[in-house]
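Raw final-v6.cif, mmCIF, C-alpha atoms and all ligand atoms:
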```cif
data_my_file
loop_
_atom_site.group_PDB
_atom_site.id
_atom_site.type_symbol
_atom_site.label_atom_id
_atom_site.label_comp_id
_atom_site.auth_asym_id
_atom_site.auth_seq_id
_atom_site.Cartn_x
_atom_site.Cartn_y
_atom_site.Cartn_z
ATOM 1 C CA MET A 1 -29.854 -25.765 -109.972
ATOM 2 C CA ASN A 2 -29.433 -24.529 -106.347
ATOM 3 C CA TRP A 3 -27.976 -21.018 -106.224
ATOM 4 C CA LEU A 4 -25.537 -22.121 -103.496
ATOM 5 C CA SER A 5 -23.563 -24.078 -106.022
ATOM 6 C CA LYS A 6 -23.610 -21.225 -108.564
ATOM 7 C CA GLN A 7 -20.509 -19.289 -109.332
ATOM 8 C CA PHE A 8 -20.616 -15.518 -108.892
ATOM 9 C CA THR A 9 -18.128 -13.283 -110.600
ATOM 10 C CA PHE A 10 -17.209 -9.947 -108.936
ATOM 11 C CA VAL A 11 -15.636 -7.177 -110.991
ATOM 12 C CA ILE A 12 -13.655 -4.400 -109.299
ATOM 13 C CA ILE A 13 -12.828 -1.283 -111.331
ATOM 14 C CA PRO A 14 -10.200 0.744 -109.331
ATOM 15 C CA ASP A 15 -9.960 3.700 -111.800
ATOM 16 C CA ALA A 16 -9.731 4.402 -115.496
ATOM 17 C CA ASN A 17 -5.953 3.792 -115.817
ATOM 18 C CA GLN A 18 -5.762 0.467 -114.041
ATOM 19 C CA SER A 19 -6.930 -2.864 -115.271
ATOM 20 C CA VAL A 20 -10.178 -4.358 -114.039
ATOM 21 C CA GLN A 21 -9.913 -7.012 -111.236
ATOM 22 C CA ARG A 22 -12.289 -9.861 -111.225
ATOM 23 C CA PHE A 23 -12.729 -12.845 -108.986
ATOM 24 C CA ARG A 24 -15.219 -15.561 -108.567
ATOM 25 C CA LEU A 25 -16.874 -16.912 -105.495
ATOM 26 C CA ASN A 26 -19.422 -19.581 -105.270
ATOM 27 C CA GLY A 27 -22.741 -19.034 -103.484
ATOM 28 C CA PHE A 28 -21.849 -21.176 -100.412
ATOM 29 C CA ILE A 29 -18.913 -18.965 -99.437
ATOM 30 C CA LEU A 30 -21.066 -15.926 -99.942
ATOM 31 C CA VAL A 31 -23.561 -17.245 -97.385
ATOM 32 C CA LEU A 32 -21.014 -18.735 -94.936
ATOM 33 C CA VAL A 33 -18.888 -15.645 -94.334
ATOM 34 C CA PRO A 34 -21.712 -13.241 -93.331
ATOM 35 C CA SER A 35 -23.323 -16.050 -91.257
ATOM 36 C CA VAL A 36 -20.103 -16.610 -89.268
ATOM 37 C CA ILE A 37 -19.727 -12.844 -88.743
ATOM 38 C CA ALA A 38 -23.331 -12.567 -87.595
ATOM 39 C CA LEU A 39 -22.905 -15.557 -85.223
ATOM 40 C CA LEU A 40 -19.775 -14.042 -83.701
ATOM 41 C CA ALA A 41 -21.612 -10.752 -83.209
ATOM 42 C CA VAL A 42 -24.525 -12.493 -81.501
ATOM 43 C CA CYS A 43 -22.159 -14.503 -79.236
ATOM 44 C CA SER A 44 -20.244 -11.359 -78.269
ATOM 45 C CA ALA A 45 -23.457 -9.566 -77.492
ATOM 46 C CA LEU A 46 -24.670 -12.508 -75.371
ATOM 47 C CA PHE A 47 -21.302 -12.686 -73.544
ATOM 48 C CA ILE A 48 -21.421 -8.990 -72.783
ATOM 49 C CA ILE A 49 -25.033 -9.219 -71.627
ATOM 50 C CA LEU A 50 -24.453 -12.316 -69.441
ATOM 51 C CA PHE A 51 -21.038 -11.588 -67.970
ATOM 52 C CA GLY A 52 -20.950 -7.815 -68.134
ATOM 53 C CA GLY A 53 -23.455 -7.683 -65.224
ATOM 54 C CA ASN A 54 -21.581 -10.372 -63.343
ATOM 55 C CA MET A 55 -18.329 -8.501 -63.694
ATOM 56 C CA SER A 56 -19.780 -5.466 -62.015
ATOM 57 C CA GLU A 57 -21.229 -7.796 -59.371
ATOM 58 C CA ILE A 58 -17.761 -9.327 -58.861
ATOM 59 C CA ARG A 59 -16.183 -5.906 -58.617
ATOM 60 C CA HIS A 60 -18.807 -4.933 -56.046
ATOM 61 C CA LEU A 61 -18.164 -8.114 -54.054
ATOM 62 C CA LYS A 62 -14.442 -7.556 -54.252
ATOM 63 C CA LYS A 63 -14.919 -4.053 -52.851
ATOM 64 C CA GLN A 64 -17.133 -5.416 -50.073
ATOM 65 C CA LEU A 65 -14.549 -8.078 -49.279
ATOM 66 C CA ALA A 66 -11.781 -5.507 -49.112
ATOM 67 C CA ALA A 67 -13.924 -3.330 -46.858
ATOM 68 C CA SER A 68 -14.701 -6.262 -44.537
ATOM 69 C CA GLU A 69 -11.045 -7.240 -44.500
ATOM 70 C CA SER A 70 -9.982 -3.797 -43.345
ATOM 71 C CA GLY A 71 -12.900 -3.800 -40.859
ATOM 72 C CA TYR A 72 -11.730 -7.131 -39.468
ATOM 73 C CA ALA A 73 -8.161 -5.889 -39.300
ATOM 74 C CA GLU A 74 -9.336 -2.845 -37.362
ATOM 75 C CA THR A 75 -11.416 -4.959 -34.984
ATOM 76 C CA LEU A 76 -8.486 -7.316 -34.519
ATOM 77 C CA GLN A 77 -6.194 -4.369 -33.762
ATOM 78 C CA ASP A 78 -8.746 -3.031 -31.274
ATOM 79 C CA LYS A 79 -8.906 -6.432 -29.584
ATOM 80 C CA GLU A 80 -5.124 -6.661 -29.473
ATOM 81 C CA ASN A 81 -4.911 -3.173 -27.964
ATOM 82 C CA HIS A 82 -7.550 -4.123 -25.430
ATOM 83 C CA ILE A 83 -5.688 -7.332 -24.536
ATOM 84 C CA SER A 84 -2.420 -5.381 -24.175
ATOM 85 C CA SER A 85 -4.098 -2.893 -21.891
ATOM 86 C CA LEU A 86 -5.643 -5.732 -19.851
ATOM 87 C CA GLU A 87 -2.237 -7.393 -19.591
ATOM 88 C CA ALA A 88 -0.711 -4.128 -18.380
ATOM 89 C CA ASP A 89 -3.528 -3.783 -15.814
ATOM 90 C CA LEU A 90 -2.955 -7.338 -14.672
ATOM 91 C CA THR A 91 0.774 -6.798 -14.267
ATOM 92 C CA ALA A 92 0.098 -3.628 -12.262
ATOM 93 C CA LEU A 93 -2.441 -5.499 -10.147
ATOM 94 C CA SER A 94 0.029 -8.281 -9.498
ATOM 95 C CA ALA A 95 2.672 -5.746 -8.446
ATOM 96 C CA GLN A 96 0.079 -4.108 -6.214
ATOM 97 C CA ALA A 97 -0.689 -7.460 -4.601
ATOM 98 C CA GLU A 98 3.004 -7.859 -3.830
ATOM 99 C CA GLN A 99 3.179 -4.369 -2.332
ATOM 100 C CA ILE A 100 0.129 -5.072 -0.169
ATOM 101 C CA GLU A 101 1.719 -8.361 0.878
ATOM 102 C CA THR A 102 4.863 -6.475 1.957
ATOM 103 C CA LYS A 103 2.810 -3.872 3.826
ATOM 104 C CA MET A 104 0.789 -6.616 5.506
ATOM 105 C CA SER A 105 4.017 -8.209 6.700
ATOM 106 C CA GLU A 106 5.154 -4.841 8.045
ATOM 107 C CA ILE A 107 1.827 -4.354 9.846
ATOM 108 C CA THR A 108 2.038 -7.859 11.304
ATOM 109 C CA GLU A 109 5.590 -7.140 12.456
ATOM 110 C CA LEU A 110 4.496 -3.812 13.998
ATOM 111 C CA GLU A 111 1.654 -5.548 15.752
ATOM 112 C CA LEU A 112 4.095 -8.092 17.175
ATOM 113 C CA GLN A 113 6.234 -5.234 18.504
ATOM 114 C CA LEU A 114 3.153 -3.580 20.040
ATOM 115 C CA LYS A 115 2.233 -6.864 21.681
ATOM 116 C CA LYS A 116 5.744 -7.127 23.077
ATOM 117 C CA ILE A 117 5.487 -3.581 24.492
ATOM 118 C CA ALA A 118 2.076 -4.303 25.991
ATOM 119 C CA GLY A 119 3.328 -7.644 27.326
ATOM 120 C CA ILE A 120 0.896 -9.812 25.358
ATOM 121 C CA LYS A 121 2.070 -13.359 24.752
ATOM 122 C CA GLU A 122 1.679 -14.641 21.200
ATOM 123 C CA PRO A 123 -0.456 -17.755 20.857
ATOM 124 C CA ASP A 124 1.603 -20.812 19.923
ATOM 125 C CA VAL A 125 -0.215 -21.318 16.637
ATOM 126 C CA HIS A 126 0.321 -18.667 14.040
ATOM 127 C CA ILE A 127 0.568 -18.533 10.308
ATOM 128 C CA SER A 128 4.077 -17.829 9.147
ATOM 129 C CA SER A 129 4.407 -15.916 5.924
ATOM 130 C CA ALA A 130 8.031 -16.941 5.623
ATOM 131 C CA THR A 131 8.957 -20.313 4.218
ATOM 132 C CA ILE A 132 10.416 -22.613 6.837
ATOM 133 C CA GLU A 133 13.867 -23.745 5.779
ATOM 134 C CA ASP A 134 14.882 -27.382 5.897
ATOM 135 C CA GLY A 135 16.179 -28.352 9.298
ATOM 136 C CA GLU A 136 14.373 -25.506 11.013
ATOM 137 C CA GLU A 137 11.771 -26.247 13.582
ATOM 138 C CA GLY A 138 8.372 -26.736 12.024
ATOM 139 C CA GLY A 139 8.213 -28.068 8.516
ATOM 140 C CA GLN A 140 5.545 -28.250 5.922
ATOM 141 C CA GLY A 141 4.243 -31.080 3.772
ATOM 142 C CA GLY A 142 1.445 -32.466 1.659
ATOM 143 C CA GLU A 143 0.682 -32.476 -2.001
ATOM 144 C CA GLU A 144 1.062 -29.149 -3.665
ATOM 145 C CA ILE A 145 0.396 -28.071 -7.189
ATOM 146 C CA GLU A 146 3.281 -26.152 -8.701
ATOM 147 C CA LEU A 147 2.267 -22.813 -10.134
ATOM 148 C CA PRO A 148 3.481 -22.315 -13.681
ATOM 149 C CA ALA A 149 6.539 -20.114 -13.617
ATOM 150 C CA SER A 150 5.763 -18.413 -16.892
ATOM 151 C CA ALA A 151 4.397 -14.908 -16.929
ATOM 152 C CA GLU A 152 1.548 -15.856 -19.274
ATOM 153 C CA PRO A 153 -1.456 -13.612 -18.618
ATOM 154 C CA THR A 154 -3.686 -16.545 -17.653
ATOM 155 C CA SER A 155 -1.221 -17.900 -15.092
ATOM 156 C CA LEU A 156 -0.454 -14.377 -13.874
ATOM 157 C CA ALA A 157 -4.185 -13.776 -13.487
ATOM 158 C CA SER A 158 -4.732 -16.918 -11.427
ATOM 159 C CA GLN A 159 -1.575 -16.236 -9.414
ATOM 160 C CA THR A 160 -2.746 -12.677 -8.721
ATOM 161 C CA GLU A 161 -6.180 -13.944 -7.780
ATOM 162 C CA GLN A 162 -4.630 -16.397 -5.321
ATOM 163 C CA GLU A 163 -2.490 -13.615 -3.866
ATOM 164 C CA PHE A 164 -5.553 -11.455 -3.297
ATOM 165 C CA VAL A 165 -7.490 -14.365 -1.777
ATOM 166 C CA ALA A 166 -4.557 -15.033 0.577
ATOM 167 C CA LEU A 167 -4.291 -11.323 1.448
ATOM 168 C CA SER A 168 -7.997 -11.140 2.119
ATOM 169 C CA SER A 169 -7.851 -14.054 4.562
ATOM 170 C CA ARG A 170 -4.742 -12.584 6.247
ATOM 171 C CA MET A 171 -6.589 -9.284 6.685
ATOM 172 C CA GLU A 172 -9.589 -11.126 8.124
ATOM 173 C CA ALA A 173 -7.289 -12.915 10.560
ATOM 174 C CA LEU A 174 -5.516 -9.676 11.467
ATOM 175 C CA ARG A 175 -8.673 -7.817 12.477
ATOM 176 C CA PRO A 176 -9.490 -9.697 15.738
ATOM 177 C CA SER A 177 -5.798 -9.794 16.566
ATOM 178 C CA LEU A 178 -5.526 -6.014 16.148
ATOM 179 C CA GLU A 179 -8.680 -5.507 18.240
ATOM 180 C CA ALA A 180 -7.107 -7.548 21.053
ATOM 181 C CA THR A 181 -3.840 -5.622 20.716
ATOM 182 C CA LYS A 182 -5.742 -2.333 20.782
ATOM 183 C CA SER A 183 -7.518 -3.144 24.035
ATOM 184 C CA ALA A 184 -4.254 -4.444 25.507
ATOM 185 C CA MET A 185 -2.516 -1.223 24.425
ATOM 186 C CA LEU A 186 -5.300 0.838 26.033
ATOM 187 C CA LYS A 187 -4.766 -1.042 29.294
ATOM 188 C CA TYR A 188 -1.009 -0.561 28.887
ATOM 189 C CA LYS A 189 -1.544 3.170 28.315
ATOM 190 C CA GLN A 190 -3.740 3.376 31.426
ATOM 191 C CA ILE A 191 -0.958 1.734 33.435
ATOM 192 C CA LEU A 192 1.643 3.966 31.773
ATOM 193 C CA ASP A 193 -0.427 7.044 32.682
ATOM 194 C CA ILE A 194 -0.274 6.153 36.392
ATOM 195 C CA THR A 195 3.386 5.060 36.360
ATOM 196 C CA PRO A 196 5.954 7.816 37.110
ATOM 197 C CA THR A 197 8.006 7.428 33.921
ATOM 198 C CA ILE A 198 8.784 11.064 33.060
ATOM 199 C CA TRP A 199 11.350 13.532 34.358
ATOM 200 C CA PRO A 200 9.654 15.749 36.982
ATOM 201 C CA ALA A 201 11.829 18.734 35.971
ATOM 202 C CA ASP A 202 13.224 20.208 32.760
ATOM 203 C CA ASN A 203 16.764 20.047 34.073
ATOM 204 C CA ARG A 204 18.588 16.706 33.734
ATOM 205 C CA LYS A 205 21.450 17.598 36.127
ATOM 206 C CA ILE A 206 21.498 15.039 38.926
ATOM 207 C CA THR A 207 23.275 16.508 41.949
ATOM 208 C CA SER A 208 22.821 13.455 44.185
ATOM 209 C CA THR A 209 21.692 9.917 43.366
ATOM 210 C CA PHE A 210 19.610 7.489 45.416
ATOM 211 C CA GLY A 211 21.569 5.482 48.005
ATOM 212 C CA VAL A 212 23.908 5.720 50.935
ATOM 213 C CA ARG A 213 25.937 8.949 50.957
ATOM 214 C CA ARG A 214 27.639 11.284 53.355
ATOM 215 C CA ASP A 215 24.981 13.656 54.721
ATOM 216 C CA PRO A 216 25.879 17.235 53.658
ATOM 217 C CA PHE A 217 24.828 18.568 57.087
ATOM 218 C CA SER A 218 25.903 15.885 59.601
ATOM 219 C CA ARG A 219 28.788 14.523 57.462
ATOM 220 C CA ARG A 220 27.702 11.010 58.528
ATOM 221 C CA SER A 221 26.712 8.173 56.201
ATOM 222 C CA ALA A 222 22.987 8.079 55.659
ATOM 223 C CA LEU A 223 20.518 6.766 53.091
ATOM 224 C CA HIS A 224 19.610 9.418 50.558
ATOM 225 C CA ALA A 225 16.073 8.233 49.808
ATOM 226 C CA GLY A 226 15.572 10.187 46.566
ATOM 227 C CA LEU A 227 17.090 11.815 43.556
ATOM 228 C CA ASP A 228 18.366 15.413 43.682
ATOM 229 C CA ILE A 229 17.889 17.327 40.439
ATOM 230 C CA GLY A 230 19.584 20.700 40.163
ATOM 231 C CA GLY A 231 18.066 23.820 38.648
ATOM 232 C CA ASN A 232 17.109 27.416 39.221
ATOM 233 C CA ARG A 233 14.601 28.719 41.712
ATOM 234 C CA GLY A 234 11.222 28.937 39.955
ATOM 235 C CA ASP A 235 11.890 26.160 37.385
ATOM 236 C CA PRO A 236 8.680 24.189 36.634
ATOM 237 C CA ILE A 237 8.093 20.904 38.482
ATOM 238 C CA TYR A 238 5.748 18.373 36.909
ATOM 239 C CA ALA A 239 3.635 15.465 38.175
ATOM 240 C CA ALA A 240 5.490 12.306 37.098
ATOM 241 C CA ALA A 241 2.191 10.440 36.510
ATOM 242 C CA ASP A 242 -1.592 10.795 36.799
ATOM 243 C CA GLY A 243 -2.749 10.747 40.411
ATOM 244 C CA VAL A 244 -4.313 12.511 43.374
ATOM 245 C CA VAL A 245 -2.493 14.973 45.630
ATOM 246 C CA THR A 246 -2.464 13.479 49.150
ATOM 247 C CA LEU A 247 -0.129 16.006 50.760
ATOM 248 C CA SER A 248 0.765 19.624 50.018
ATOM 249 C CA GLU A 249 2.411 21.431 52.946
ATOM 250 C CA ARG A 250 5.412 23.296 54.260
ATOM 251 C CA ALA A 251 7.397 21.296 56.813
ATOM 252 C CA TYR A 252 10.909 20.712 58.089
ATOM 253 C CA PRO A 253 13.201 19.246 56.792
ATOM 254 C CA GLN A 254 11.141 18.702 53.540
ATOM 255 C CA GLY A 255 10.302 22.388 53.008
ATOM 256 C CA ASN A 256 7.408 22.985 50.608
ATOM 257 C CA ASN A 257 6.571 19.444 49.563
ATOM 258 C CA ILE A 258 3.911 17.519 47.665
ATOM 259 C CA ILE A 259 2.958 13.831 47.653
ATOM 260 C CA ILE A 260 0.938 12.368 44.769
ATOM 261 C CA ASN A 261 -0.739 8.958 45.042
ATOM 262 C CA HIS A 262 -0.793 7.181 41.617
ATOM 263 C CA GLY A 263 -2.594 4.015 42.781
ATOM 264 C CA ARG A 264 -1.231 0.468 42.681
ATOM 265 C CA GLY A 265 0.808 1.341 45.814
ATOM 266 C CA ILE A 266 2.947 3.950 44.008
ATOM 267 C CA GLU A 267 3.493 7.522 45.252
ATOM 268 C CA THR A 268 5.876 10.310 44.256
ATOM 269 C CA ARG A 269 7.150 13.106 46.489
ATOM 270 C CA TYR A 270 8.584 16.493 45.520
ATOM 271 C CA MET A 271 10.546 18.466 48.181
ATOM 272 C CA HIS A 272 12.226 21.859 48.804
ATOM 273 C CA LEU A 273 9.771 23.573 46.418
ATOM 274 C CA ASN A 274 9.705 27.314 46.057
ATOM 275 C CA GLU A 275 5.943 27.241 45.409
ATOM 276 C CA ARG A 276 3.231 24.579 45.636
ATOM 277 C CA LEU A 277 0.601 24.984 42.891
ATOM 278 C CA VAL A 278 -1.737 22.106 43.882
ATOM 279 C CA LYS A 279 -3.650 21.257 47.052
ATOM 280 C CA VAL A 280 -4.720 18.028 48.746
ATOM 281 C CA GLY A 281 -7.469 16.277 46.783
ATOM 282 C CA ASP A 282 -6.474 17.738 43.398
ATOM 283 C CA LYS A 283 -6.437 15.270 40.539
ATOM 284 C CA VAL A 284 -3.311 15.789 38.468
ATOM 285 C CA LYS A 285 -2.271 14.555 35.041
ATOM 286 C CA LYS A 286 1.114 13.221 34.038
ATOM 287 C CA GLY A 287 3.281 16.200 33.076
ATOM 288 C CA GLN A 288 1.026 18.768 34.751
ATOM 289 C CA LEU A 289 2.742 21.734 36.411
ATOM 290 C CA ILE A 290 2.463 21.266 40.213
ATOM 291 C CA GLY A 291 5.069 23.585 41.676
ATOM 292 C CA GLU A 292 8.313 25.499 41.351
ATOM 293 C CA LEU A 293 11.827 24.322 42.100
ATOM 294 C CA GLY A 294 13.195 25.934 45.261
ATOM 295 C CA ASN A 295 15.464 25.841 48.299
ATOM 296 C CA THR A 296 13.022 25.494 51.204
ATOM 297 C CA GLY A 297 13.596 23.211 54.228
ATOM 298 C CA ARG A 298 16.856 21.426 54.871
ATOM 299 C CA SER A 299 18.609 22.282 51.611
ATOM 300 C CA THR A 300 22.006 23.611 50.588
ATOM 301 C CA GLY A 301 20.799 25.220 47.348
ATOM 302 C CA PRO A 302 17.969 25.250 44.763
ATOM 303 C CA HIS A 303 17.161 21.668 43.763
ATOM 304 C CA LEU A 304 14.314 19.167 43.622
ATOM 305 C CA HIS A 305 14.467 16.175 45.938
ATOM 306 C CA TYR A 306 12.337 13.625 44.100
ATOM 307 C CA GLU A 307 11.169 10.327 45.612
ATOM 308 C CA VAL A 308 9.362 7.303 44.233
ATOM 309 C CA ILE A 309 7.632 5.375 47.020
ATOM 310 C CA VAL A 310 6.397 1.827 46.421
ATOM 311 C CA ASN A 311 4.158 0.338 49.122
ATOM 312 C CA GLY A 312 5.480 2.884 51.621
ATOM 313 C CA THR A 313 9.190 2.426 50.893
ATOM 314 C CA GLN A 314 11.391 4.789 48.896
ATOM 315 C CA VAL A 315 13.031 3.157 45.871
ATOM 316 C CA ASP A 316 15.551 4.422 43.312
ATOM 317 C CA PRO A 317 13.556 6.687 40.938
ATOM 318 C CA MET A 318 16.037 6.250 38.052
ATOM 319 C CA PRO A 319 14.721 2.905 36.744
ATOM 320 C CA TYR A 320 11.271 4.497 36.547
ATOM 321 C CA ILE A 321 12.366 7.492 34.514
ATOM 322 C CA GLN A 322 12.074 6.450 30.886
ATOM 323 C CA GLU A 323 11.100 9.477 28.890
ATOM 324 C CA ASP A 324 10.868 13.222 28.619
ATOM 325 C CA ARG A 325 7.718 15.057 29.460
ATOM 326 C CA LYS A 326 5.470 15.415 26.427
ATOM 327 C CA GLU A 327 2.970 18.135 25.787
ATOM 328 C CA ARG A 328 -0.483 16.653 26.132
ATOM 329 C CA GLU A 329 -2.882 16.965 23.218
HETATM 330 ZN ZN ZN B 1 17.702 14.918 48.281
#
```
Kindly return the structure encoded in the file as structure tokens.
Amino acid sequence: MNWLSKQFTFVIIPDANQSVQRFRLNGFILVLVPSVIALLAVCSALFIILFGGNMSEIRHLKKQLAASESGYAETLQDKENHISSLEADLTALSAQAEQIETKMSEITELELQLKKIAGIKEPDVHISSATIEDGEEGGQGGEEIELPASAEPTSLASQTEQEFVALSSRMEALRPSLEATKSAMLKYKQILDITPTIWPADNRKITSTFGVRRDPFSRRSALHAGLDIGGNRGDPIYAAADGVVTLSERAYPQGNNIIINHGRGIETRYMHLNERLVKVGDKVKKGQLIGELGNTGRSTGPHLHYEVIVNGTQVDPMPYIQEDRKERE
């Protein structure tokens, strides 16, 4: 008979005062229970061996993932910061383009004024920076692509780029125009230098104007061919423009008097001087000291008789006098 089918009796003796416990088990149960326990132990061991390593691997991967996540977040933040800073730069650049545009318009306007002063006529064709209103002369047309109105960085970037391209071409166009204005201004300055535009004395007190008046000596009507400017004996008298001294003498009725030839048929004459400080042949500059105010010749008191002579005829000096004497650099 197989021992698996045998019955086994177990006796348990707790202590001397208690009754003996006994129970029976057959051989199959006795084998099954330890076998199941052993199997469970082996399975547990295998599980621990197989998955215990993987668990640590998973933990490691999880850590790596977390580290990469925070790395990516940092990189993303860096990129966002960089984009924000680029956007700020772009906005500043766009504002700068607008400022340059305004300054360019001011320069163009100034140049127009200079051209007006120098008497240069504007060519008929010019680029207008202002939009021509409906109904105004001119007009514009053709297909145009609307710029997006949004302030998105990409559209702002292309808008700013276009502004700079436009500015660059305006500057290119301005250069030859400014060169022409400069040479015209130089010519204008040369003409201004030889035109008697400044006051020949410091005093502005006009004691007698140009024109017909009652002669202070004869009491008869006569043409007063110059401008009388009052002052004190010894006051400085200045050349009204660049020129060459063609006369410097004492005579009657002019007294001590000087004539300066400025070219282009224009001369100036200074009479009744106290002193003459230049001689015939001297080249004088506009505003240069040439003599002293006086009372020589036919004169009732210290004054300068100042004449502007155009092609041999005295004209009213007042329209010529435009400005004060300036100190030369
Ligand atoms: Zn006079």
* To do: Taking the file as shown, find all residues satisfying the PyMOL selection byres (((not hetatm)) within 7 of (chain B and resi 1)) and write them as JSON, numbers by chain.
  => {"A": [208, 224, 226, 227, 228, 305, 306]}
* To do: Please evaluate the PyMOL selection byres (((chain A and resi 284-294) around 7) and not hetatm) against the displayed coordinates and give the resulting residues as a list in words.
  => Asp193, Asn232, Arg233, Gly234, Asp235, Pro236, Ile237, Tyr238, Ala239, Ala240, Ala241, Asp242, Gly243, Val244, His272, Leu273, Asn274, Glu275, Arg276, Leu277, Val278, Asp282, Lys283, Asn295, Thr296, Pro302, His303, Leu304 and Arg325 of chain A
* Asked: Quick one: which residues end up in the PyMOL selection byres (((chain A and resi 261) around 7) and not hetatm) for this structure, as a list in words?
  -> Gly243, Val244, Val245, Thr246, Ile259, Ile260, His262, Gly263, Ile266, Glu267 and Thr268 of chain A
* **Non-local contacts of A:Lys187 (12 Å; only C-alpha atoms; under 6 positions in same chain excluded) as a ChimeraX atom specification** => /A:115,117-120,180-181,193-194
Which polymer residues have any atom within 9 Å of an atom of stretch 109-111 of chain A, counting all atoms listed in the file, with same-chain residues fewer than 3 positions away left out, as a CSV table (one decimal) with C-alpha atoms, in the frame of the given file?
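Result file is part-v1.csv:
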```csv
chain,number,residue,atom,x,y,z
A,104,MET,CA,0.8,-6.6,5.5
A,105,SER,CA,4.0,-8.2,6.7
A,106,GLU,CA,5.2,-4.8,8.0
A,114,LEU,CA,3.2,-3.6,20.0
A,115,LYS,CA,2.2,-6.9,21.7
A,116,LYS,CA,5.7,-7.1,23.1
A,177,SER,CA,-5.8,-9.8,16.6
A,178,LEU,CA,-5.5,-6.0,16.1
A,181,THR,CA,-3.8,-5.6,20.7
```
* Asked: How many Å separate atom CA of A:Asp215 from atom CA of A:Pro253?
  -> 13.2 Å
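Atom pair atom CA of A:Gln159 / atom CA of A:Leu112: separated by 28.4 Å.
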Can you complete the atoms of stretch 11-26 of chain A to N, CA and C atoms and list them as a compact mmCIF listing (two decimals), keeping the file's coordinate frame?
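rebuild_35.txt was written with the following content:
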```
# COMPACT_ATOMS: atom_id res chain seq x y z
N VAL A 11 -16.55 -8.01 -110.22
CA VAL A 11 -15.64 -7.18 -110.99
C VAL A 11 -15.36 -5.91 -110.20
N ILE A 12 -14.03 -5.63 -110.03
CA ILE A 12 -13.66 -4.40 -109.30
C ILE A 12 -12.95 -3.48 -110.28
N ILE A 13 -13.45 -2.26 -110.44
CA ILE A 13 -12.83 -1.28 -111.33
C ILE A 13 -12.22 -0.21 -110.46
N PRO A 14 -10.83 -0.24 -110.22
CA PRO A 14 -10.20 0.74 -109.33
C PRO A 14 -10.31 2.16 -109.89
N ASP A 15 -9.72 2.43 -111.09
CA ASP A 15 -9.96 3.70 -111.80
C ASP A 15 -9.67 3.49 -113.28
N ALA A 16 -9.77 4.54 -114.06
CA ALA A 16 -9.73 4.40 -115.50
C ALA A 16 -8.42 3.88 -116.05
N ASN A 17 -7.27 4.18 -115.32
CA ASN A 17 -5.95 3.79 -115.82
C ASN A 17 -5.54 2.38 -115.44
N GLN A 18 -6.16 1.81 -114.49
CA GLN A 18 -5.76 0.47 -114.04
C GLN A 18 -6.69 -0.58 -114.64
N SER A 19 -6.12 -1.81 -114.66
CA SER A 19 -6.93 -2.86 -115.27
C SER A 19 -8.01 -3.34 -114.30
N VAL A 20 -9.03 -3.87 -114.83
CA VAL A 20 -10.18 -4.36 -114.04
C VAL A 20 -9.79 -5.67 -113.35
N GLN A 21 -10.15 -5.78 -112.01
CA GLN A 21 -9.91 -7.01 -111.24
C GLN A 21 -11.20 -7.80 -111.20
N ARG A 22 -11.09 -9.03 -111.35
CA ARG A 22 -12.29 -9.86 -111.22
C ARG A 22 -11.96 -11.14 -110.48
N PHE A 23 -12.92 -11.55 -109.66
CA PHE A 23 -12.73 -12.84 -108.99
C PHE A 23 -14.08 -13.51 -108.84
N ARG A 24 -13.98 -14.79 -108.61
CA ARG A 24 -15.22 -15.56 -108.57
C ARG A 24 -15.37 -16.20 -107.20
N LEU A 25 -16.57 -16.22 -106.75
CA LEU A 25 -16.87 -16.91 -105.50
C LEU A 25 -18.12 -17.72 -105.73
N ASN A 26 -18.17 -18.89 -105.08
CA ASN A 26 -19.42 -19.58 -105.27
C ASN A 26 -20.42 -19.14 -104.20
```
